[in-house]
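Visitor: Provided below: start-v8.json, containing JSON, C-alpha atoms.
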```json
[["chain", "number", "residue", "atom", "x", "y", "z"],
["A", 1, "MET", "CA", 46.32, 0.71, -27.66],
["A", 2, "ALA", "CA", 45.58, 1.05, -23.93],
["A", 3, "ASP", "CA", 46.65, 4.72, -24.05],
["A", 4, "GLN", "CA", 44.20, 5.44, -26.88],
["A", 5, "THR", "CA", 41.33, 3.76, -24.97],
["A", 6, "LYS", "CA", 42.27, 5.67, -21.82],
["A", 7, "ASP", "CA", 42.39, 8.95, -23.75],
["A", 8, "LEU", "CA", 39.04, 8.22, -25.35],
["A", 9, "LEU", "CA", 37.44, 7.44, -21.99],
["A", 10, "ALA", "CA", 38.98, 10.54, -20.43],
["A", 11, "ARG", "CA", 37.61, 12.71, -23.24],
["A", 12, "LEU", "CA", 34.14, 11.14, -22.92],
["A", 13, "THR", "CA", 34.21, 11.71, -19.17],
["A", 14, "ASP", "CA", 35.15, 15.35, -19.60],
["A", 15, "LEU", "CA", 32.46, 15.91, -22.21],
["A", 16, "SER", "CA", 29.74, 14.24, -20.11],
["A", 17, "GLU", "CA", 30.71, 16.24, -17.01],
["A", 18, "GLY", "CA", 30.52, 19.43, -19.05],
["A", 19, "ALA", "CA", 27.12, 18.47, -20.44],
["A", 20, "ILE", "CA", 25.76, 17.68, -16.99],
["A", 21, "GLN", "CA", 27.03, 21.01, -15.66],
["A", 22, "ARG", "CA", 25.40, 22.93, -18.52],
["A", 23, "ILE", "CA", 22.12, 21.10, -18.00],
["A", 24, "SER", "CA", 22.11, 21.83, -14.27],
["A", 25, "GLU", "CA", 22.62, 25.55, -14.97],
["A", 26, "ALA", "CA", 19.63, 25.69, -17.33],
["A", 27, "PRO", "CA", 16.69, 27.82, -16.14],
["A", 28, "GLY", "CA", 14.15, 24.99, -15.70],
["A", 29, "ALA", "CA", 16.60, 22.40, -14.37],
["A", 30, "GLU", "CA", 15.55, 22.77, -10.71],
["A", 31, "LYS", "CA", 11.86, 22.30, -11.53],
["A", 32, "ALA", "CA", 12.65, 19.29, -13.70],
["A", 33, "TYR", "CA", 14.75, 17.79, -10.90],
["A", 34, "GLN", "CA", 11.97, 18.28, -8.36],
["A", 35, "ALA", "CA", 9.40, 16.75, -10.74],
["A", 36, "LEU", "CA", 11.60, 13.69, -11.32],
["A", 37, "LYS", "CA", 12.15, 13.28, -7.59],
["A", 38, "ALA", "CA", 8.39, 13.49, -6.91],
["A", 39, "LEU", "CA", 7.79, 10.93, -9.67],
["A", 40, "GLY", "CA", 10.22, 8.54, -7.97],
["A", 41, "ASP", "CA", 8.37, 8.96, -4.67],
["A", 42, "ARG", "CA", 5.05, 8.23, -6.34],
["A", 43, "VAL", "CA", 6.42, 5.10, -7.99],
["A", 44, "ASP", "CA", 7.66, 3.88, -4.61],
["A", 45, "ASP", "CA", 4.23, 4.48, -3.08],
["A", 46, "LEU", "CA", 2.51, 2.60, -5.90],
["A", 47, "GLN", "CA", 4.87, -0.34, -5.44],
["A", 48, "ARG", "CA", 3.97, -0.53, -1.75],
["A", 49, "ARG", "CA", 0.27, -0.50, -2.57],
["A", 50, "THR", "CA", 0.70, -3.16, -5.23],
["A", 51, "ARG", "CA", 2.33, -5.50, -2.73],
["A", 52, "GLY", "CA", -0.80, -5.14, -0.58],
["A", 53, "PHE", "CA", -3.02, -6.13, -3.52],
["A", 54, "GLU", "CA", -1.09, -9.34, -4.05],
["A", 55, "GLU", "CA", -1.85, -10.43, -0.47],
["A", 56, "ILE", "CA", -5.53, -9.56, -0.86],
["A", 57, "GLU", "CA", -5.73, -11.53, -4.12],
["A", 58, "LYS", "CA", -4.28, -14.61, -2.38],
["A", 59, "ARG", "CA", -6.85, -14.32, 0.41],
["A", 60, "LEU", "CA", -9.66, -13.84, -2.12],
["A", 61, "THR", "CA", -8.59, -16.95, -4.04],
["A", 62, "ALA", "CA", -8.59, -19.00, -0.82],
["A", 63, "LEU", "CA", -12.06, -17.74, 0.10],
["A", 64, "GLU", "CA", -13.40, -18.53, -3.37],
["A", 65, "LYS", "CA", -12.13, -22.09, -3.03],
["A", 66, "LYS", "CA", -13.86, -22.42, 0.35],
["A", 67, "VAL", "CA", -17.14, -21.12, -1.07],
["A", 68, "ASP", "CA", -16.92, -23.52, -4.00],
["A", 69, "GLY", "CA", -16.32, -26.38, -1.58],
["A", 70, "MET", "CA", -19.30, -25.37, 0.53],
["A", 71, "ALA", "CA", -21.53, -25.13, -2.52],
["A", 72, "LYS", "CA", -20.55, -28.62, -3.67],
["A", 73, "ALA", "CA", -21.00, -30.12, -0.20],
["A", 74, "LYS", "CA", -24.73, -29.33, 0.00],
["A", 75, "PRO", "CA", -26.88, -32.13, -1.43],
["A", 76, "ALA", "CA", -29.30, -31.05, -4.08],
["A", 77, "ARG", "CA", -32.91, -31.07, -2.91],
["A", 78, "LYS", "CA", -35.22, -33.39, -4.72],
["A", 79, "THR", "CA", -38.23, -31.61, -6.02],
["A", 80, "SER", "CA", -41.34, -33.62, -6.63],
["A", 81, "SER", "CA", -43.63, -32.54, -9.36],
["A", 82, "ALA", "CA", -46.64, -34.31, -7.83],
["A", 83, "ARG", "CA", -48.49, -32.28, -5.27],
["A", 84, "ARG", "CA", -50.27, -33.72, -2.31],
["A", 85, "ALA", "CA", -54.02, -33.66, -2.49],
["A", 86, "ARG", "CA", -55.26, -31.34, 0.17],
["A", 87, "THR", "CA", -58.35, -32.07, 2.13],
["A", 88, "PRO", "CA", -60.59, -29.09, 2.67],
["A", 89, "LYS", "CA", -60.36, -27.55, 6.08],
["A", 90, "ALA", "CA", -63.33, -27.66, 8.39],
["A", 91, "SER", "CA", -63.75, -23.92, 8.16],
["A", 92, "ALA", "CA", -63.78, -24.13, 4.39],
["A", 93, "VAL", "CA", -66.79, -26.51, 4.34],
["A", 94, "PRO", "CA", -70.02, -24.50, 4.04],
["A", 95, "LYS", "CA", -72.14, -24.70, 7.14],
["A", 96, "SER", "CA", -75.77, -25.55, 6.87],
["A", 97, "PRO", "CA", -78.06, -22.78, 7.99],
["A", 98, "LYS", "CA", -79.53, -23.11, 11.44],
["A", 99, "PRO", "CA", -83.27, -23.52, 11.60],
["A", 100, "LYS", "CA", -85.17, -20.54, 12.90],
["A", 101, "LEU", "CA", -87.04, -21.02, 16.09],
["A", 102, "PRO", "CA", -90.49, -19.44, 16.40]]
```
Since I need it in another form, could you write the structure as structure tokens?

Guide:
Amino acid sequence: MADQTKDLLARLTDLSEGAIQRISEAPGAEKAYQALKALGDRVDDLQRRTRGFEEIEKRLTALEKKVDGMAKAKPARKTSSARRARTPKASAVPKSPKPKLP
């Protein structure tokens, strides 16, 4: 039984090596390889950038909590609906005309 499994694995290995060799000899194989390699580089770059966003999100969350705390700490101003009665200013009182001298 072990010999049959070994033979089967050996045959699969030979077939896969042959398939890989035929694929690598195909006309567009080099371009496809370069495109896949560039894609891998781009994915790595995006992963690095994503790690930076996680740190920024943590900082943003901390700042939002601080702002919420500051907003709650301020006492609400009491607004009165009654206005104070204003007395007219001296300049607003009409002056009596001065008598004319002959």

Visitor: So what do you get for atom CA of A:Arg11 versus atom CA of A:Glu25, distance-wise?

Guide: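 The value is 21.4 Å.
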
Visitor: Figure out the distance between atom CA of A:Leu15 and atom CA of A:Glu30, please, to one decimal in Å.

Guide: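 Atom-to-atom, atom CA of A:Glu30 and atom CA of A:Leu15 are spaced 21.6 Å apart.
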
Visitor: Could you check how far atom CA of A:Gln4 sits from atom CA of A:Ser16, in Å to one decimal?

Guide: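 Computed distance, atom CA of A:Gln4 to atom CA of A:Ser16, equals 18.2 Å.
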